[in-house]
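Asker: Input my_file-v9.cif, format and content: mmCIF, C-alpha atoms.
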data_target
#
loop_
_atom_site.label_atom_id
_atom_site.label_comp_id
_atom_site.auth_asym_id
_atom_site.auth_seq_id
_atom_site.Cartn_x
_atom_site.Cartn_y
_atom_site.Cartn_z
CA PHE A 281 -6.82 28.13 -10.95
CA GLN A 282 -10.24 26.52 -10.78
CA ASP A 283 -13.84 27.54 -11.23
CA LYS A 284 -17.22 25.86 -10.96
CA PHE A 285 -20.32 26.44 -13.09
CA GLU A 286 -23.80 25.24 -12.15
CA LEU A 287 -26.48 25.11 -14.85
CA ASN A 288 -29.72 23.53 -13.66
CA SER A 289 -28.87 19.81 -13.44
CA LEU A 290 -25.36 20.26 -14.83
CA VAL A 291 -22.23 21.03 -12.78
CA ILE A 292 -18.91 21.77 -14.48
CA ASN A 293 -15.53 22.08 -12.76
CA GLY A 294 -12.66 23.40 -14.85
CA GLY A 295 -9.18 24.56 -14.07
CA VAL A 296 -5.48 24.46 -14.77
CA ARG A 297 -2.46 23.80 -12.55
CA TRP A 298 1.07 25.07 -13.17
CA ASP A 299 3.99 23.15 -11.66
CA TYR A 300 7.47 24.65 -11.69
CA PHE A 301 10.69 23.08 -10.38
CA ASP A 302 14.23 24.40 -10.66
CA PRO A 303 16.82 21.63 -9.97
CA ASP A 304 19.53 24.33 -9.62
CA HIS A 305 22.22 21.86 -10.70
CA TYR A 306 24.30 20.70 -13.64
CA VAL A 307 24.72 17.69 -15.93
CA ALA A 308 27.57 16.47 -18.11
CA ASN A 309 27.71 17.63 -21.71
CA ASP A 310 29.12 14.24 -22.75
CA TRP A 311 27.74 11.25 -20.86
CA THR A 312 30.14 8.90 -22.64
CA ASN A 313 32.93 10.57 -20.66
CA PRO A 314 31.39 12.69 -17.84
CA SER A 315 33.65 15.29 -16.30
CA LEU A 316 33.21 18.33 -14.05
CA ASP A 317 35.26 20.24 -16.62
CA ASN A 318 32.54 19.77 -19.24
CA ILE A 319 29.12 20.51 -17.74
CA ARG A 320 26.07 22.68 -18.35
CA ASP A 321 23.38 24.11 -16.08
CA VAL A 322 19.99 22.42 -16.07
CA LYS A 323 16.99 24.47 -17.14
CA PRO A 324 13.92 24.63 -14.86
CA LYS A 325 11.10 22.18 -15.54
CA TYR A 326 7.44 23.14 -15.67
CA GLN A 327 4.15 21.57 -16.66
CA ILE A 328 0.73 23.05 -17.39
CA SER A 329 -1.95 20.58 -16.31
CA PRO A 330 -5.56 21.08 -17.39
CA ARG A 331 -8.31 19.61 -15.18
CA PHE A 332 -11.94 19.15 -16.20
CA ALA A 333 -14.92 17.45 -14.56
CA ILE A 334 -18.62 17.38 -15.36
CA ALA A 335 -21.58 15.93 -13.43
CA PHE A 336 -25.09 15.55 -14.86
CA ALA A 337 -28.09 14.70 -12.68
CA THR A 338 -30.17 11.98 -14.34
CA SER A 339 -32.77 12.02 -11.55
CA ALA A 340 -33.23 13.20 -8.00
CA GLU A 341 -31.27 10.14 -6.84
CA GLY A 342 -28.60 9.66 -9.50
CA LYS A 343 -25.92 11.43 -11.51
CA LEU A 344 -23.40 10.70 -14.23
CA PHE A 345 -19.90 12.13 -13.90
CA PHE A 346 -16.77 12.39 -16.03
CA SER A 347 -13.34 13.79 -15.28
CA TYR A 348 -10.11 14.35 -17.18
CA GLY A 349 -6.84 15.69 -15.90
CA HIS A 350 -3.07 15.90 -16.22
CA PHE A 351 -0.87 15.29 -13.16
CA SER A 352 2.81 15.76 -12.46
CA GLN A 353 5.13 14.07 -9.96
CA ARG A 354 8.62 15.35 -9.31
CA VAL A 355 11.54 12.92 -9.52
CA PRO A 356 12.97 11.86 -6.10
CA PHE A 357 16.03 13.87 -5.10
CA ASN A 358 18.23 10.78 -4.81
CA LYS A 359 17.74 10.15 -8.53
CA LEU A 360 18.50 13.78 -9.45
CA TYR A 361 21.64 14.39 -7.39
CA HIS A 362 23.16 10.97 -6.81
CA ASN A 363 26.94 10.86 -7.37
CA PRO A 364 27.24 14.54 -8.46
CA GLU A 365 31.03 14.31 -8.90
CA PHE A 366 30.68 11.62 -11.62
CA ASP A 367 32.87 9.17 -9.66
CA ILE A 368 32.93 6.03 -11.83
CA LEU A 369 34.41 2.93 -10.22
CA PRO A 370 36.50 0.69 -12.47
CA GLY A 371 34.76 -2.38 -13.84
CA LEU A 372 31.37 -3.41 -15.21
CA ILE A 373 28.64 -1.02 -14.00
CA LYS A 374 29.78 -0.57 -10.42
CA SER A 375 28.45 3.00 -10.28
CA ASP A 376 25.15 4.84 -10.74
CA VAL A 377 24.93 8.51 -11.67
CA GLY A 378 21.98 10.81 -11.04
CA ASN A 379 20.55 13.10 -13.68
CA ALA A 380 19.33 16.57 -12.66
CA ASP A 381 17.79 17.00 -16.12
CA LEU A 382 15.15 14.32 -15.58
CA LEU A 383 11.59 15.24 -16.52
CA PRO A 384 8.78 14.87 -13.93
CA GLU A 385 6.58 11.81 -14.21
CA LYS A 386 3.43 12.74 -16.16
CA THR A 387 0.05 11.06 -15.81
CA ILE A 388 -3.08 11.64 -17.90
CA MET A 389 -6.21 10.27 -16.24
CA TYR A 390 -9.78 9.69 -17.45
CA GLU A 391 -12.70 8.68 -15.27
CA ILE A 392 -16.38 8.07 -15.96
CA GLY A 393 -18.98 6.77 -13.54
CA TYR A 394 -22.45 6.78 -12.06
CA GLU A 395 -23.65 7.53 -8.53
CA HIS A 396 -27.06 6.54 -7.17
CA ALA A 397 -28.60 7.29 -3.77
CA VAL A 398 -30.63 4.29 -2.60
CA ASN A 399 -32.07 6.37 0.25
CA ASN A 400 -30.98 9.19 2.54
CA GLU A 401 -28.29 6.99 4.08
CA VAL A 402 -26.92 4.67 1.36
CA VAL A 403 -25.23 5.58 -1.92
CA VAL A 404 -23.81 3.27 -4.60
CA LYS A 405 -20.96 4.42 -6.84
CA SER A 406 -19.34 2.80 -9.85
CA LYS A 407 -16.66 4.16 -12.17
CA LEU A 408 -14.23 3.19 -14.91
CA PHE A 409 -10.77 4.75 -14.92
CA PHE A 410 -7.74 4.87 -17.17
CA LYS A 411 -4.26 6.27 -16.50
CA ASP A 412 -1.51 6.84 -19.04
CA ILE A 413 1.88 7.31 -17.34
CA ARG A 414 4.93 8.73 -19.10
CA ASN A 415 8.52 9.62 -18.16
CA LEU A 416 8.88 6.76 -15.69
CA LEU A 417 12.44 6.27 -14.49
CA GLY A 418 14.84 3.87 -16.14
CA GLN A 419 18.57 3.61 -16.71
CA ARG A 420 20.92 3.80 -19.68
CA VAL A 421 24.35 2.16 -19.65
CA TYR A 422 27.36 4.15 -20.86
CA VAL A 423 30.77 2.63 -21.59
CA LEU A 424 33.73 4.93 -20.93
CA PRO A 425 36.58 5.38 -23.41
CA GLY A 426 38.74 2.28 -23.34
CA GLY A 427 35.75 -0.09 -23.15
CA SER A 428 36.52 -1.66 -19.75
CA ASP A 429 34.59 0.67 -17.41
CA SER A 430 30.88 1.49 -17.51
CA TYR A 431 28.14 3.03 -15.40
CA ALA A 432 24.34 3.46 -15.36
CA LEU A 433 22.67 6.85 -15.76
CA TYR A 434 19.09 7.55 -14.67
CA VAL A 435 16.93 8.61 -17.63
CA ASN A 436 13.25 8.98 -18.59
CA ARG A 437 12.52 5.95 -20.71
CA ASP A 438 9.67 3.86 -19.29
CA PHE A 439 5.90 4.09 -19.62
CA GLY A 440 2.87 2.45 -18.08
CA GLN A 441 -0.90 2.18 -18.29
CA VAL A 442 -3.44 1.51 -15.55
CA LYS A 443 -7.09 0.74 -16.22
CA GLY A 444 -9.85 -0.68 -14.11
CA VAL A 445 -13.20 -0.37 -12.39
CA ASN A 446 -14.21 0.72 -8.88
CA ILE A 447 -17.51 -0.17 -7.16
CA SER A 448 -18.41 1.07 -3.70
CA ILE A 449 -21.38 1.17 -1.31
CA GLU A 450 -21.32 3.82 1.40
CA LYS A 451 -23.64 4.23 4.37
CA ARG A 452 -23.76 7.59 6.11
CA PHE A 453 -23.14 7.42 9.86
CA THR A 454 -26.59 7.55 11.43
CA GLY A 455 -27.84 6.09 14.66
CA PHE A 456 -25.08 3.71 15.73
CA PHE A 457 -23.53 2.53 12.43
CA GLY A 458 -21.84 3.78 9.28
CA GLY A 459 -19.29 2.46 6.85
CA SER A 460 -18.39 1.43 3.33
CA ILE A 461 -17.44 -1.55 1.19
CA GLU A 462 -15.28 -1.02 -1.86
CA TYR A 463 -14.00 -3.29 -4.65
CA ASP A 464 -11.32 -2.46 -7.21
CA TYR A 465 -10.33 -4.36 -10.31
CA GLN A 466 -7.36 -2.94 -12.17
CA VAL A 467 -4.57 -3.89 -14.56
CA ALA A 468 -1.25 -2.03 -14.43
CA LYS A 469 1.18 -2.76 -17.26
CA GLY A 470 4.25 -1.12 -18.73
CA ASN A 471 7.55 -1.81 -20.40
CA GLU A 472 9.46 -1.96 -17.09
CA SER A 473 8.67 -1.33 -13.42
CA ASP A 474 12.17 -1.45 -11.90
CA PRO A 475 14.40 1.50 -12.86
CA THR A 476 17.53 -0.65 -12.36
CA GLN A 477 16.38 -3.56 -14.55
CA THR A 478 18.43 -2.35 -17.54
CA ARG A 479 21.53 -2.29 -15.32
CA ARG A 480 21.07 -5.94 -14.28
CA ASP A 481 20.22 -7.08 -17.79
CA TYR A 482 23.41 -5.51 -19.11
CA ARG A 483 25.55 -7.20 -16.46
CA LEU A 484 24.00 -10.60 -17.27
CA ASN A 485 24.07 -10.00 -21.04
CA ILE A 486 20.28 -10.27 -21.25
CA GLU A 487 18.35 -8.37 -23.91
CA ASN A 488 15.88 -5.80 -22.58
CA GLU A 489 12.18 -6.66 -22.44
CA LYS A 490 10.39 -5.84 -25.69
CA LYS A 491 6.80 -6.23 -24.51
CA VAL A 492 4.53 -4.79 -21.83
CA VAL A 493 4.51 -6.68 -18.55
CA PRO A 494 2.68 -6.34 -15.21
CA LEU A 495 4.16 -3.48 -13.23
CA ALA A 496 5.51 -4.08 -9.72
CA TRP A 497 2.44 -2.38 -8.17
CA ASP A 498 -0.09 -4.30 -10.30
CA GLN A 499 -2.88 -5.55 -8.00
CA PRO A 500 -5.87 -6.95 -9.95
CA HIS A 501 -8.31 -7.37 -7.05
CA ALA A 502 -8.79 -5.37 -3.87
CA LEU A 503 -11.71 -5.58 -1.42
CA ARG A 504 -11.80 -3.12 1.48
CA ILE A 505 -14.40 -2.83 4.24
CA ASN A 506 -14.65 0.02 6.73
CA ALA A 507 -17.22 -0.13 9.54
CA ASN A 508 -17.82 2.37 12.35
CA PHE A 509 -19.97 1.69 15.42
CA ARG A 510 -21.19 3.94 18.22
CA LEU A 511 -22.03 1.99 21.37
CA PRO A 512 -23.53 3.11 24.70
CA TYR A 513 -21.36 4.95 27.23
CA LYS A 514 -19.65 6.93 24.45
CA ILE A 515 -17.70 3.98 23.08
CA PHE A 516 -16.68 4.14 19.39
CA ILE A 517 -15.32 1.19 17.41
CA SER A 518 -13.94 1.33 13.88
CA VAL A 519 -12.90 -1.71 11.87
CA PHE A 520 -10.89 -1.67 8.66
CA SER A 521 -10.47 -4.95 6.77
CA GLN A 522 -8.82 -5.64 3.42
CA LEU A 523 -8.34 -8.61 1.10
CA GLU A 524 -6.07 -7.83 -1.86
CA SER A 525 -4.26 -9.70 -4.62
CA GLY A 526 -0.56 -10.31 -4.14
CA TYR A 527 1.96 -8.31 -6.13
CA PRO A 528 3.85 -9.81 -9.07
CA TYR A 529 7.42 -11.13 -9.04
CA THR A 530 9.82 -12.65 -11.56
CA PRO A 531 10.55 -16.40 -11.13
CA LYS A 532 14.25 -17.22 -11.37
CA SER A 533 16.39 -20.35 -11.66
CA GLU A 534 18.06 -21.97 -8.67
CA ASN A 535 21.28 -19.98 -9.07
CA GLU A 536 19.23 -16.79 -8.68
CA VAL A 537 20.84 -15.25 -11.76
CA SER A 538 18.80 -16.09 -14.83
CA SER A 539 15.02 -15.85 -15.20
CA VAL A 540 13.03 -18.95 -16.09
CA ALA A 541 9.89 -17.02 -16.99
CA GLY A 542 8.78 -13.59 -18.16
CA GLU A 543 9.28 -10.50 -16.03
CA ASN A 544 6.68 -10.26 -13.24
CA SER A 545 4.92 -13.40 -14.52
CA GLY A 546 4.59 -14.84 -11.00
CA ARG A 547 2.05 -13.70 -8.43
CA LYS A 548 2.51 -13.55 -4.65
CA ILE A 549 -0.08 -14.84 -2.18
CA PRO A 550 -3.05 -12.51 -1.50
CA VAL A 551 -2.78 -9.98 1.34
CA ARG A 552 -5.34 -9.96 4.15
CA ASN A 553 -5.51 -7.77 7.22
CA THR A 554 -7.96 -6.36 9.78
CA ASP A 555 -7.30 -3.43 12.12
CA VAL A 556 -9.53 -2.24 14.97
CA ASN A 557 -9.64 1.08 16.81
CA ILE A 558 -11.62 1.40 20.07
CA GLN A 559 -12.21 4.73 21.77
CA LYS A 560 -13.96 5.71 25.00
CA ARG A 561 -14.69 9.36 25.78
CA PHE A 562 -15.00 10.83 29.28
CA LYS A 563 -16.43 14.21 30.11
CA LEU A 564 -14.32 15.89 32.78
CA ARG A 565 -16.27 19.13 33.10
CA SER A 566 -18.41 21.41 30.98
CA ASN A 567 -15.61 22.52 28.69
CA ALA A 568 -13.19 19.58 28.82
CA SER A 569 -13.17 15.91 27.90
CA MET A 570 -10.71 13.05 27.57
CA ALA A 571 -10.47 10.06 25.25
CA VAL A 572 -8.82 6.70 25.95
CA TYR A 573 -8.23 4.48 22.94
CA ALA A 574 -6.76 1.12 21.98
CA LYS A 575 -5.54 0.10 18.54
CA VAL A 576 -5.31 -3.50 17.41
CA TYR A 577 -3.20 -4.12 14.32
CA ASN A 578 -3.66 -7.36 12.38
CA LEU A 579 -6.52 -8.61 14.58
CA PHE A 580 -6.53 -12.18 13.17
CA ASP A 581 -2.71 -12.48 13.09
CA ALA A 582 -2.58 -12.92 9.31
CA LYS A 583 0.95 -13.80 8.21
CA ASN A 584 1.28 -11.89 4.97
CA GLU A 585 4.35 -12.59 2.85
CA ASN A 586 6.65 -9.63 2.17
CA TYR A 587 8.95 -11.77 0.01
CA VAL A 588 8.73 -15.11 -1.75
CA TRP A 589 11.34 -17.65 -2.79
CA ASP A 590 11.42 -16.68 -6.44
#
Transcribe the structure of this file into structure tokens.
Answerer:
Amino acid sequence: FQDKFELNSLVINGGVRWDYFDPDHYVANDWTNPSLDNIRDVKPKYQISPRFAIAFATSAEGKLFFSYGHFSQRVPFNKLYHNPEFDILPGLIKSDVGNADLLPEKTIMYEIGYEHAVNNEVVVKSKLFFKDIRNLLGQRVYVLPGGSDSYALYVNRDFGQVKGVNISIEKRFTGFFGGSIEYDYQVAKGNESDPTQTRRDYRLNIENEKKVVPLAWDQPHALRINANFRLPYKIFISVFSQLESGYPYTPKSENEVSSVAGENSGRKIPVRNTDVNIQKRFKLRSNASMAVYAKVYNLFDAKNENYVWD
């Protein structure tokens, strides 16, 4: 449900969203010894998410804006229903078990910014944003009676925070050119970014991390350029180029077992890429036309690293 109110130079958007999800499944009553003979049905999950935004015109060319909202993301099915028979292999954590009682990931987001129209074609935007993320996936290790066999259960245990700034310049498509240039600076940190980290730490007898670290998707700098051109003879060219910081990784020792530095304390090489799309339109008759296009991926043959020797 959403409504908008306009009061002179003030615009207010307000609403609420209701998310409902019924896993229609069961979980064990005793995770220390899970059995299909001792289970309970999972109750449906729901979340009420308020949304609020306000924009105030400071002049004919500029406006301040602020927004606040709650957001919900359902847990992937393979984490809810994995290994539903509770089949635990003998030995040290050789099995994972899904958990249909997992809560959806919850994010609370704030945003404040300013927008200014330089002229009828160009607008400059800047904003600060903050995200608080809860119920991120993790794992908890359970040891079965006897002490020799164990497994890892998916649980809600991790959290994260993302904060940063976004600056963009946009030019409306007029004449033969339009496009935008956008820069993001952000910091994404949390107590753990890999749901299976607890599992590995337990196997290697390593104590869990007790401080916030860069999350796996932390990307401090990102510059993106989008340009669109209209040439004679109905030829259209669009170019998208990006230069972004590399993602973090955890340096390890030569035997690839123990870490020699903090989690995600290393940083991969920056990512760069340029794609081009070219289109030519032909008019066949009064009510029909055809377009022929070519797409060029990675125009400059940039060799971006997917993995590094950690």
Asker: Step by step, work through what the PyMOL selection byres ((chain A and resi 578-580) around 7) selects in the shown file, and finish by giving those residues as a PyMOL selection string.
Answerer: chain A and resi 553-555+576-577+581-582
Asker: Quote the spacing between CA of Phe457 (chain A) and CA of Arg504 (chain A) in Å to one decimal place.
Answerer: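 These atoms are spaced 17.0 Å apart.
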Asker: Tell me which of A:Ser569, A:Ser430, A:Gln441, A:Gln499 sits closest to Leu416 (chain A), counting only C-alpha atoms.
Answerer: A:Gln441
Asker: Expand the PyMOL selection byres ((chain A and resi 368-376) around 6) into the explicit residue set it covers here, and present it as a VMD selection string.
Answerer: chain A and resid 367 377 429 to 433
Asker: Fewer than 2 positions away in the same chain doesn't count, so skip those; otherwise give me all residues within 9 Å of region 519-528 of chain A, counting only C-alpha atoms, as a VMD selection string.
Answerer: chain A and resid 494 to 509 517 530 543 to 558 585
Asker: To one decimal in Å, tell me the separation between CA of Glu365 (chain A) and CA of Asn415 (chain A).
Answerer: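 Separation of CA of Glu365 (chain A) and CA of Asn415 (chain A): 24.8 Å.
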Asker: Between CA of Val435 (chain A) and CA of Ala380 (chain A), measure the distance and give it in Å to one decimal.
Answerer: 9.7 Å
Asker: Between A:Asn399, A:Ser329, A:Ala340, A:Val493, which is the closest to Phe439 (chain A) once you count all atoms listed in the file?
Answerer: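 Looking only at the distances to Phe439 (chain A), the closest residue turns out to be A:Val493.
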Asker: Write out as JSON lines the residues of region 332-445 of chain A that have any atom within 12 Å of an atom of region 284-303 of chain A, one row each with the nearest atom pair and its distance in Å to one decimal, counting all atoms listed in the file, sorted by chain and then rising number.
Answerer:
{"residue": "A:Phe332", "atom": "CA", "partner": "A:Gly294", "partner_atom": "CA", "distance": 4.5}
{"residue": "A:Ala333", "atom": "CA", "partner": "A:Asn293", "partner_atom": "CA", "distance": 5.0}
{"residue": "A:Ile334", "atom": "CA", "partner": "A:Ile292", "partner_atom": "CA", "distance": 4.5}
{"residue": "A:Ala335", "atom": "CA", "partner": "A:Val291", "partner_atom": "CA", "distance": 5.2}
{"residue": "A:Phe336", "atom": "CA", "partner": "A:Leu290", "partner_atom": "CA", "distance": 4.7}
{"residue": "A:Ala337", "atom": "CA", "partner": "A:Ser289", "partner_atom": "CA", "distance": 5.2}
{"residue": "A:Thr338", "atom": "CA", "partner": "A:Ser289", "partner_atom": "CA", "distance": 8.0}
{"residue": "A:Ser339", "atom": "CA", "partner": "A:Ser289", "partner_atom": "CA", "distance": 8.9}
{"residue": "A:Ala340", "atom": "CA", "partner": "A:Ser289", "partner_atom": "CA", "distance": 9.6}
{"residue": "A:Glu341", "atom": "CA", "partner": "A:Ser289", "partner_atom": "CA", "distance": 12.0}
{"residue": "A:Gly342", "atom": "CA", "partner": "A:Ser289", "partner_atom": "CA", "distance": 10.9}
{"residue": "A:Lys343", "atom": "CA", "partner": "A:Ser289", "partner_atom": "CA", "distance": 9.1}
{"residue": "A:Leu344", "atom": "CA", "partner": "A:Leu290", "partner_atom": "CA", "distance": 9.8}
{"residue": "A:Phe345", "atom": "CA", "partner": "A:Val291", "partner_atom": "CA", "distance": 9.3}
{"residue": "A:Phe346", "atom": "CA", "partner": "A:Ile292", "partner_atom": "CA", "distance": 9.7}
{"residue": "A:Ser347", "atom": "CA", "partner": "A:Asn293", "partner_atom": "CA", "distance": 8.9}
{"residue": "A:Tyr348", "atom": "CA", "partner": "A:Gly294", "partner_atom": "CA", "distance": 9.7}
{"residue": "A:Gly349", "atom": "CA", "partner": "A:Val296", "partner_atom": "CA", "distance": 8.9}
{"residue": "A:His350", "atom": "CA", "partner": "A:Arg297", "partner_atom": "CA", "distance": 8.7}
{"residue": "A:Phe351", "atom": "CA", "partner": "A:Arg297", "partner_atom": "CA", "distance": 8.7}
{"residue": "A:Ser352", "atom": "CA", "partner": "A:Asp299", "partner_atom": "CA", "distance": 7.5}
{"residue": "A:Gln353", "atom": "CA", "partner": "A:Asp299", "partner_atom": "CA", "distance": 9.3}
{"residue": "A:Arg354", "atom": "CA", "partner": "A:Phe301", "partner_atom": "CA", "distance": 8.1}
{"residue": "A:Val355", "atom": "CA", "partner": "A:Pro303", "partner_atom": "CA", "distance": 10.2}
{"residue": "A:Pro356", "atom": "CA", "partner": "A:Pro303", "partner_atom": "CA", "distance": 11.2}
{"residue": "A:Phe357", "atom": "CA", "partner": "A:Pro303", "partner_atom": "CA", "distance": 9.2}
{"residue": "A:Lys359", "atom": "CA", "partner": "A:Pro303", "partner_atom": "CA", "distance": 11.6}
{"residue": "A:Leu360", "atom": "CA", "partner": "A:Pro303", "partner_atom": "CA", "distance": 8.0}
{"residue": "A:Tyr361", "atom": "CA", "partner": "A:Pro303", "partner_atom": "CA", "distance": 9.1}
{"residue": "A:Asn379", "atom": "CA", "partner": "A:Pro303", "partner_atom": "CA", "distance": 10.0}
{"residue": "A:Ala380", "atom": "CA", "partner": "A:Pro303", "partner_atom": "CA", "distance": 6.3}
{"residue": "A:Asp381", "atom": "CA", "partner": "A:Pro303", "partner_atom": "CA", "distance": 7.8}
{"residue": "A:Leu382", "atom": "CA", "partner": "A:Pro303", "partner_atom": "CA", "distance": 9.4}
{"residue": "A:Leu383", "atom": "CA", "partner": "A:Phe301", "partner_atom": "CA", "distance": 10.0}
{"residue": "A:Pro384", "atom": "CA", "partner": "A:Phe301", "partner_atom": "CA", "distance": 9.1}
{"residue": "A:Glu385", "atom": "CA", "partner": "A:Asp299", "partner_atom": "CA", "distance": 11.9}
{"residue": "A:Lys386", "atom": "CA", "partner": "A:Asp299", "partner_atom": "CA", "distance": 11.4}
Asker: Using all atoms listed in the file, which protein or nucleic acid residues come within 10 Å of Asn313 (chain A)? Drop anything in the same chain fewer than 5 positions from it, and give the result as an NGL selection string.
Answerer: :A and (308 or 318 or 366 or 368 or 422-425 or 430)
Asker: I would like the residues chosen by the PyMOL selection byres ((chain A and resi 466) around 10) on the shown file; could you give them as a ChimeraX atom specification?
Answerer: /A:408-410,442-446,464-465,467-469,498-502
Asker: In terms of the shortest atom-to-atom distance over all atoms listed in the file, which of A:Phe562, A:Tyr326, A:Tyr529, A:Tyr573 is closest to Asp590 (chain A)?
Answerer: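 Under the stated criterion, the closest residue is A:Tyr529.
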Asker: Restricting the calculation to only C-alpha atoms: of A:Gly427, A:Ser448, A:Leu511, A:Asp481, which residue gets closest to Tyr463 (chain A)?
Answerer: A:Ser448
Asker: Find the spatial neighbours of Gln419 (chain A), counting all atoms listed in the file, within a cut-off of 9 Å - ignore same-chain residues fewer than 2 positions away - and output them as an mmCIF file with C-alpha atoms, in the frame of the given file.
Answerer:
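Saved as out-v5.cif:
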data_model
loop_
_atom_site.group_PDB
_atom_site.id
_atom_site.type_symbol
_atom_site.label_atom_id
_atom_site.label_comp_id
_atom_site.auth_asym_id
_atom_site.auth_seq_id
_atom_site.Cartn_x
_atom_site.Cartn_y
_atom_site.Cartn_z
ATOM 1 C CA ASP A 376 25.150 4.840 -10.740
ATOM 2 C CA LEU A 417 12.440 6.270 -14.490
ATOM 3 C CA VAL A 421 24.350 2.160 -19.650
ATOM 4 C CA ALA A 432 24.340 3.460 -15.360
ATOM 5 C CA LEU A 433 22.670 6.850 -15.760
ATOM 6 C CA TYR A 434 19.090 7.550 -14.670
ATOM 7 C CA VAL A 435 16.930 8.610 -17.630
ATOM 8 C CA ASN A 436 13.250 8.980 -18.590
ATOM 9 C CA ARG A 437 12.520 5.950 -20.710
ATOM 10 C CA PRO A 475 14.400 1.500 -12.860
ATOM 11 C CA THR A 476 17.530 -0.650 -12.360
ATOM 12 C CA GLN A 477 16.380 -3.560 -14.550
ATOM 13 C CA THR A 478 18.430 -2.350 -17.540
ATOM 14 C CA ARG A 479 21.530 -2.290 -15.320
#
Asker: What are the centre and the three edge lengths of an axis-aligned box that wraps all atoms of region 332-344 of chain A in the file, given that 8 Å is added to every side, written as AutoDock Vina command-line options and rounded to one decimal in Å?
Answerer:
--center_x -22.6 --center_y 14.4 --center_z -11.5 --size_x 37.3 --size_y 25.5 --size_z 25.4
Asker: Closest to Ile319 (chain A) among A:Arg331, A:His305, A:Lys405, A:Arg561, using only C-alpha atoms?
Answerer: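 Of A:Arg331, A:His305, A:Lys405, A:Arg561, the one nearest Ile319 (chain A), counting only C-alpha atoms, is A:His305.
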Asker: All heavy atoms are what I want for region 543-547 of chain A; can you complete it accordingly and write them as an mmCIF file, in the coordinates of the input?
Answerer:
data_model
loop_
_atom_site.group_PDB
_atom_site.id
_atom_site.type_symbol
_atom_site.label_atom_id
_atom_site.label_comp_id
_atom_site.auth_asym_id
_atom_site.auth_seq_id
_atom_site.Cartn_x
_atom_site.Cartn_y
_atom_site.Cartn_z
ATOM 1 N N GLU A 543 9.208 -11.445 -17.139
ATOM 2 C CA GLU A 543 9.280 -10.500 -16.030
ATOM 3 C C GLU A 543 7.915 -10.328 -15.373
ATOM 4 O O GLU A 543 6.902 -10.159 -16.037
ATOM 5 C CB GLU A 543 9.792 -9.146 -16.526
ATOM 6 C CG GLU A 543 9.916 -8.104 -15.431
ATOM 7 C CD GLU A 543 10.349 -6.749 -15.962
ATOM 8 O OE1 GLU A 543 10.769 -6.662 -17.123
ATOM 9 O OE2 GLU A 543 10.245 -5.769 -15.202
ATOM 10 N N ASN A 544 7.892 -10.417 -14.047
ATOM 11 C CA ASN A 544 6.680 -10.260 -13.240
ATOM 12 C C ASN A 544 5.557 -11.207 -13.672
ATOM 13 O O ASN A 544 4.369 -10.865 -13.601
ATOM 14 C CB ASN A 544 6.179 -8.815 -13.289
ATOM 15 C CG ASN A 544 6.983 -7.908 -12.382
ATOM 16 O OD1 ASN A 544 7.727 -8.376 -11.525
ATOM 17 N ND2 ASN A 544 6.833 -6.611 -12.561
ATOM 18 N N SER A 545 5.934 -12.424 -14.100
ATOM 19 C CA SER A 545 4.920 -13.400 -14.520
ATOM 20 C C SER A 545 4.390 -14.223 -13.350
ATOM 21 O O SER A 545 3.401 -14.937 -13.479
ATOM 22 C CB SER A 545 5.490 -14.333 -15.586
ATOM 23 O OG SER A 545 6.624 -15.026 -15.085
ATOM 24 N N GLY A 546 5.067 -14.160 -12.193
ATOM 25 C CA GLY A 546 4.590 -14.840 -11.000
ATOM 26 C C GLY A 546 3.726 -13.915 -10.148
ATOM 27 O O GLY A 546 3.779 -12.696 -10.281
ATOM 28 N N ARG A 547 2.954 -14.498 -9.252
ATOM 29 C CA ARG A 547 2.050 -13.700 -8.430
ATOM 30 C C ARG A 547 2.163 -14.166 -6.978
ATOM 31 O O ARG A 547 2.050 -15.343 -6.677
ATOM 32 C CB ARG A 547 0.611 -13.862 -8.919
ATOM 33 C CG ARG A 547 -0.423 -13.078 -8.142
ATOM 34 C CD ARG A 547 -0.304 -11.585 -8.369
ATOM 35 N NE ARG A 547 -0.481 -11.181 -9.748
ATOM 36 C CZ ARG A 547 -0.550 -9.916 -10.160
ATOM 37 N NH1 ARG A 547 -0.446 -8.944 -9.267
ATOM 38 N NH2 ARG A 547 -0.686 -9.622 -11.440
#
